[in-house]
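Visitor: So I've got this file, run-v6.pdb, and it contains PDB, C-alpha atoms, pLDDT in the B column:
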```
ATOM      1  CA  MET A   1     144.984 150.943  21.739  1.00 69.00           C
ATOM      2  CA  GLU A   2     142.454 148.541  23.172  1.00 81.00           C
ATOM      3  CA  ASN A   3     144.017 145.611  21.270  1.00 85.00           C
ATOM      4  CA  ALA A   4     147.514 146.516  22.474  1.00 86.00           C
ATOM      5  CA  SER A   5     146.466 146.448  26.148  1.00 87.00           C
ATOM      6  CA  LYS A   6     144.730 143.104  25.673  1.00 89.00           C
ATOM      7  CA  ALA A   7     147.882 141.746  23.994  1.00 89.00           C
ATOM      8  CA  LEU A   8     150.003 142.885  26.951  1.00 90.00           C
ATOM      9  CA  ILE A   9     147.598 141.250  29.414  1.00 91.00           C
ATOM     10  CA  ILE A  10     147.680 137.977  27.443  1.00 92.00           C
ATOM     11  CA  ALA A  11     151.501 138.065  27.216  1.00 92.00           C
ATOM     12  CA  GLY A  12     151.732 138.693  30.967  1.00 92.00           C
ATOM     13  CA  ALA A  13     149.390 135.779  31.663  1.00 93.00           C
ATOM     14  CA  ILE A  14     151.478 133.489  29.458  1.00 95.00           C
ATOM     15  CA  LEU A  15     154.708 134.520  31.208  1.00 93.00           C
ATOM     16  CA  LEU A  16     153.083 133.978  34.603  1.00 94.00           C
ATOM     17  CA  ALA A  17     151.874 130.513  33.539  1.00 94.00           C
ATOM     18  CA  ILE A  18     155.379 129.586  32.323  1.00 95.00           C
ATOM     19  CA  LEU A  19     156.852 130.790  35.618  1.00 93.00           C
ATOM     20  CA  ILE A  20     154.381 128.719  37.667  1.00 95.00           C
ATOM     21  CA  ILE A  21     154.981 125.589  35.568  1.00 95.00           C
ATOM     22  CA  SER A  22     158.777 126.012  35.844  1.00 94.00           C
ATOM     23  CA  LEU A  23     158.529 126.421  39.594  1.00 93.00           C
ATOM     24  CA  GLY A  24     156.383 123.286  39.827  1.00 92.00           C
ATOM     25  CA  ILE A  25     158.913 121.263  37.817  1.00 92.00           C
ATOM     26  CA  LEU A  26     161.768 122.537  39.988  1.00 89.00           C
ATOM     27  CA  ILE A  27     159.982 121.562  43.202  1.00 89.00           C
ATOM     28  CA  TYR A  28     159.077 118.148  41.773  1.00 86.00           C
ATOM     29  CA  ASN A  29     162.676 117.411  40.752  1.00 82.00           C
ATOM     30  CA  GLN A  30     164.001 118.388  44.180  1.00 80.00           C
ATOM     31  CA  ALA A  31     161.418 116.224  45.934  1.00 76.00           C
ATOM     32  CA  ALA A  32     162.140 113.271  43.636  1.00 71.00           C
ATOM     33  CA  GLY A  33     165.861 113.608  44.387  1.00 62.00           C
ATOM     34  CA  ILE A  34     165.207 113.394  48.124  1.00 61.00           C
ATOM     35  CA  VAL A  35     162.932 110.365  47.764  1.00 55.00           C
ATOM     36  CA  ASN A  36     165.406 108.509  45.532  1.00 51.00           C
ATOM     37  CA  SER A  37     168.487 109.259  47.657  1.00 51.00           C
ATOM     38  CA  ASN A  38     168.083 106.322  50.014  1.00 55.00           C
ATOM     39  CA  SER A  39     171.729 105.391  49.550  1.00 65.00           C
ATOM     40  CA  MET A  40     174.030 105.526  52.524  1.00 71.00           C
ATOM     41  CA  SER A  41     177.044 107.783  52.941  1.00 78.00           C
ATOM     42  CA  ASP A  42     180.518 106.315  53.438  1.00 81.00           C
ATOM     43  CA  VAL A  43     180.309 106.955  57.181  1.00 87.00           C
ATOM     44  CA  GLU A  44     176.950 105.168  57.424  1.00 87.00           C
ATOM     45  CA  ILE A  45     178.319 102.211  55.444  1.00 87.00           C
ATOM     46  CA  THR A  46     181.345 102.004  57.744  1.00 89.00           C
ATOM     47  CA  GLN A  47     179.133 102.108  60.840  1.00 92.00           C
ATOM     48  CA  PHE A  48     176.806  99.454  59.423  1.00 90.00           C
ATOM     49  CA  ASN A  49     179.687  97.151  58.492  1.00 92.00           C
ATOM     50  CA  ALA A  50     181.537  97.662  61.797  1.00 92.00           C
ATOM     51  CA  GLN A  51     178.926  95.707  63.708  1.00 93.00           C
ATOM     52  CA  PHE A  52     179.861  92.611  61.657  1.00 93.00           C
ATOM     53  CA  THR A  53     183.488  93.112  60.591  1.00 93.00           C
ATOM     54  CA  GLN A  54     184.665  93.128  64.201  1.00 94.00           C
ATOM     55  CA  TYR A  55     183.931  89.378  64.192  1.00 93.00           C
ATOM     56  CA  GLN A  56     186.054  88.573  61.115  1.00 94.00           C
ATOM     57  CA  GLY A  57     188.889  86.106  61.456  1.00 93.00           C
ATOM     58  CA  LYS A  58     189.442  83.196  63.811  1.00 95.00           C
ATOM     59  CA  GLN A  59     186.748  83.214  66.538  1.00 93.00           C
ATOM     60  CA  SER A  60     185.537  81.023  69.385  1.00 93.00           C
ATOM     61  CA  GLY A  61     182.067  79.490  69.415  1.00 92.00           C
ATOM     62  CA  THR A  62     180.933  81.993  72.039  1.00 92.00           C
ATOM     63  CA  THR A  63     181.931  84.900  69.827  1.00 93.00           C
ATOM     64  CA  VAL A  64     180.189  83.334  66.818  1.00 93.00           C
ATOM     65  CA  ARG A  65     177.035  82.990  68.911  1.00 93.00           C
ATOM     66  CA  ALA A  66     177.245  86.714  69.695  1.00 93.00           C
ATOM     67  CA  LEU A  67     177.679  87.401  65.959  1.00 93.00           C
ATOM     68  CA  LEU A  68     174.538  85.397  65.151  1.00 93.00           C
ATOM     69  CA  GLN A  69     172.587  87.411  67.710  1.00 93.00           C
ATOM     70  CA  GLU A  70     173.945  90.633  66.181  1.00 93.00           C
ATOM     71  CA  VAL A  71     172.889  89.511  62.684  1.00 93.00           C
ATOM     72  CA  LEU A  72     169.428  88.550  63.939  1.00 92.00           C
ATOM     73  CA  SER A  73     169.040  91.901  65.710  1.00 92.00           C
ATOM     74  CA  ASN A  74     170.074  93.778  62.555  1.00 92.00           C
ATOM     75  CA  ASN A  75     167.737  91.797  60.311  1.00 91.00           C
ATOM     76  CA  MET A  76     164.760  92.260  62.631  1.00 91.00           C
ATOM     77  CA  THR A  77     165.191  96.063  62.675  1.00 91.00           C
ATOM     78  CA  GLN A  78     165.819  96.582  58.936  1.00 87.00           C
ATOM     79  CA  ASP A  79     162.889  97.348  56.642  1.00 85.00           C
ATOM     80  CA  ASP A  80     165.035  97.256  53.509  1.00 83.00           C
ATOM     81  CA  ASP A  81     166.005  93.731  52.373  1.00 83.00           C
ATOM     82  CA  ASP A  82     169.237  95.123  50.898  1.00 84.00           C
ATOM     83  CA  ARG A  83     170.441  95.882  54.427  1.00 88.00           C
ATOM     84  CA  LYS A  84     169.731  92.426  55.821  1.00 91.00           C
ATOM     85  CA  VAL A  85     172.591  89.957  56.259  1.00 93.00           C
ATOM     86  CA  GLY A  86     172.558  86.216  55.613  1.00 92.00           C
ATOM     87  CA  VAL A  87     174.765  83.575  57.227  1.00 93.00           C
ATOM     88  CA  THR A  88     176.211  80.531  55.427  1.00 92.00           C
ATOM     89  CA  GLY A  89     178.664  77.759  56.174  1.00 91.00           C
ATOM     90  CA  ALA A  90     178.781  75.750  59.407  1.00 87.00           C
ATOM     91  CA  VAL A  91     175.444  77.295  60.283  1.00 89.00           C
ATOM     92  CA  THR A  92     172.933  78.923  57.945  1.00 88.00           C
ATOM     93  CA  MET A  93     170.531  81.687  58.772  1.00 89.00           C
ATOM     94  CA  ASP A  94     168.110  83.195  56.292  1.00 86.00           C
ATOM     95  CA  LYS A  95     167.809  86.982  56.117  1.00 88.00           C
ATOM     96  CA  ASN A  96     164.200  86.698  57.306  1.00 86.00           C
ATOM     97  CA  ALA A  97     164.840  84.232  60.147  1.00 86.00           C
ATOM     98  CA  SER A  98     163.078  84.956  63.422  1.00 86.00           C
ATOM     99  CA  THR A  99     165.575  83.092  65.628  1.00 87.00           C
ATOM    100  CA  ALA A 100     169.332  82.615  65.553  1.00 87.00           C
ATOM    101  CA  PRO A 101     170.537  78.974  65.410  1.00 87.00           C
ATOM    102  CA  ILE A 102     173.015  79.438  68.264  1.00 85.00           C
ATOM    103  CA  GLU A 103     172.430  75.906  69.562  1.00 88.00           C
ATOM    104  CA  GLN A 104     174.265  74.621  66.457  1.00 88.00           C
ATOM    105  CA  ILE A 105     177.475  76.387  67.568  1.00 88.00           C
ATOM    106  CA  PRO A 106     179.415  74.631  70.354  1.00 90.00           C
ATOM    107  CA  THR A 107     181.080  77.215  72.591  1.00 86.00           C
ATOM    108  CA  GLY A 108     184.447  75.397  72.672  1.00 87.00           C
ATOM    109  CA  ALA A 109     184.861  75.104  68.894  1.00 90.00           C
ATOM    110  CA  THR A 110     186.909  77.453  66.698  1.00 94.00           C
ATOM    111  CA  TYR A 111     185.507  79.100  63.570  1.00 94.00           C
ATOM    112  CA  GLU A 112     186.687  81.295  60.711  1.00 95.00           C
ATOM    113  CA  VAL A 113     184.367  84.237  59.939  1.00 95.00           C
ATOM    114  CA  LYS A 114     184.446  86.070  56.592  1.00 95.00           C
ATOM    115  CA  CYS A 115     182.212  88.904  55.396  1.00 95.00           C
ATOM    116  CA  THR A 116     180.981  89.310  51.818  1.00 92.00           C
ATOM    117  CA  TYR A 117     180.105  92.777  50.511  1.00 91.00           C
ATOM    118  CA  GLY A 118     177.586  94.067  47.983  1.00 87.00           C
ATOM    119  CA  THR A 119     178.894  94.803  44.512  1.00 84.00           C
ATOM    120  CA  SER A 120     179.374  98.252  43.061  1.00 77.00           C
ATOM    121  CA  GLY A 121     176.271  99.627  41.398  1.00 75.00           C
ATOM    122  CA  ALA A 122     173.895  97.514  43.474  1.00 76.00           C
ATOM    123  CA  ALA A 123     171.559  98.972  46.081  1.00 76.00           C
ATOM    124  CA  ASN A 124     173.678  97.353  48.810  1.00 79.00           C
ATOM    125  CA  ALA A 125     177.059  98.369  47.356  1.00 83.00           C
ATOM    126  CA  GLY A 126     179.764  98.242  50.014  1.00 86.00           C
ATOM    127  CA  LEU A 127     177.480  96.776  52.685  1.00 90.00           C
ATOM    128  CA  VAL A 128     178.036  93.407  54.333  1.00 91.00           C
ATOM    129  CA  THR A 129     175.515  91.139  52.594  1.00 91.00           C
ATOM    130  CA  SER A 130     176.475  87.737  53.939  1.00 93.00           C
ATOM    131  CA  ILE A 131     178.759  86.154  56.490  1.00 95.00           C
ATOM    132  CA  SER A 132     180.497  82.818  55.979  1.00 94.00           C
ATOM    133  CA  ILE A 133     181.234  80.771  59.099  1.00 93.00           C
ATOM    134  CA  THR A 134     183.484  77.721  58.704  1.00 93.00           C
ATOM    135  CA  LYS A 135     184.564  75.363  61.444  1.00 91.00           C
ATOM    136  CA  LYS A 136     188.314  75.028  61.965  1.00 84.00           C
TER     137      LYS A 136
END
```
Take the structure I supplied and represent it as C-alpha cells, if you would.
Guide:
Amino acid sequence: MENASKALIIAGAILLAILIISLGILIYNQAAGIVNSNSMSDVEITQFNAQFTQYQGKQSGTTVRALLQEVLSNNMTQDDDDRKVGVTGAVTMDKNASTAPIEQIPTGATYEVKCTYGTSGAANAGLVTSISITKK
C-alpha cells in the first residue's frame, strides 16, 4: 500500500510538471507571435502611402518641395529602415538625409512624380519605398 501511494504521488508530480511546461510553451509562443507581428495592416499601409501618393502625377515645383519636406519628416520619425522613403531623379535624397534638397527644385518648373512600392514578401511589402521625380 505504501508503494502504491508513492506511485500516485510521483505520477501526480509528473502530470503537474507536464502541465507547467505546456503552459510555459504556450505563453512563449503567444509572446513570440506578438513580437514578430510588426507588419502593418492594410489600413495602416494605406494611411502610410497616402502621405506620398497624393503627390503622384504632374506637379509644380512648389508641390514637389512640399513632397520633399514630407519625405524628410517621415524619414526622421521612422525607426525602421523599411519604412523610410528615398527620392531619385531630378533630385536625389537618401533615406537617412538630414535635410531636404528643396533648393534644387525651382518653384516654376513642372515635374512628374511616381511612387515605387515594396515587393510582396518583403518587410516593406505594399509600402512606398522610393519616389521618382522627373522634370518635364
Visitor: For range 116-120 of chain A, list every protein, DNA or RNA residue within 10 Å, evaluated using all atoms listed in the file, and leave out those in the same chain fewer than 6 positions away; present the list as JSON, numbers by chain.
Guide: {"A": [49, 53, 82, 83, 85, 86, 126, 127, 128, 129, 130, 131, 132]}
Visitor: Pull C-alpha atoms from the residues just selected and write them as a compact mmCIF listing (two decimals), in the coordinates of the input.
Guide:
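Writing done, so here's result-v2.txt:
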```txt
# COMPACT_ATOMS: atom_id res chain seq x y z
CA ASN A 49 179.69 97.15 58.49
CA THR A 53 183.49 93.11 60.59
CA ASP A 82 169.24 95.12 50.90
CA ARG A 83 170.44 95.88 54.43
CA VAL A 85 172.59 89.96 56.26
CA GLY A 86 172.56 86.22 55.61
CA GLY A 126 179.76 98.24 50.01
CA LEU A 127 177.48 96.78 52.68
CA VAL A 128 178.04 93.41 54.33
CA THR A 129 175.52 91.14 52.59
CA SER A 130 176.48 87.74 53.94
CA ILE A 131 178.76 86.15 56.49
CA SER A 132 180.50 82.82 55.98
```
Visitor: Could you work out how far CA of Ala109 in chain A lies from CA of Asn96 in chain A, giving the answer in Å with one decimal?
Guide: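 Separation between CA of Asn96 in chain A and CA of Ala109 in chain A: 26.4 Å.
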Visitor: Tell me, in Å to one decimal, how far CA of Glu2 in chain A is from CA of Leu15 in chain A.
Guide: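 For CA of Glu2 in chain A relative to CA of Leu15 in chain A, the distance reads 20.3 Å.
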Visitor: If the PyMOL selection byres ((chain A and resi 69) around 12) were run on this exact file, what residues would it hold? Put them as a PyMOL selection string.
Guide: chain A and resi 51-52+62-68+70-76+85+87+93+97-103
Visitor: Identify which of the residues A:Asp81, A:Glu44, A:Asp94, A:Glu112 lies closest to Thr134 in chain A, counting all atoms listed in the file when measuring atom-to-atom distances.
Guide: A:Glu112
Visitor: Provide the CA of Lys135 in chain A to CA of Gln47 in chain A distance in Å, to one decimal place.
Guide: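 Computing it gives 27.3 Å between the two atoms.
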Visitor: For each of A:Gln54, A:Thr107, A:Thr77, A:Ser22, take the minimum atom-to-atom distance to Lys95 in chain A, counting all atoms listed in the file, then give the residue where this is smallest.
Guide: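 Smallest distance to Lys95 in chain A is found for A:Thr77.
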Visitor: Measuring atom to atom with only C-alpha atoms, identify which of A:Ile9, A:Ile133, A:Ala4, A:Ile105 is nearest to Gly89 in chain A.
Guide: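 Among the listed residues, the smallest separation from Gly89 in chain A belongs to A:Ile133.
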Visitor: From the list A:Asp79, A:Asn29, A:Asn124, A:Leu16, which residue is nearest Phe48 in chain A when using all atoms listed in the file?
Guide: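 When distances to Phe48 in chain A are compared using all atoms listed in the file, the smallest one comes from A:Asn124.
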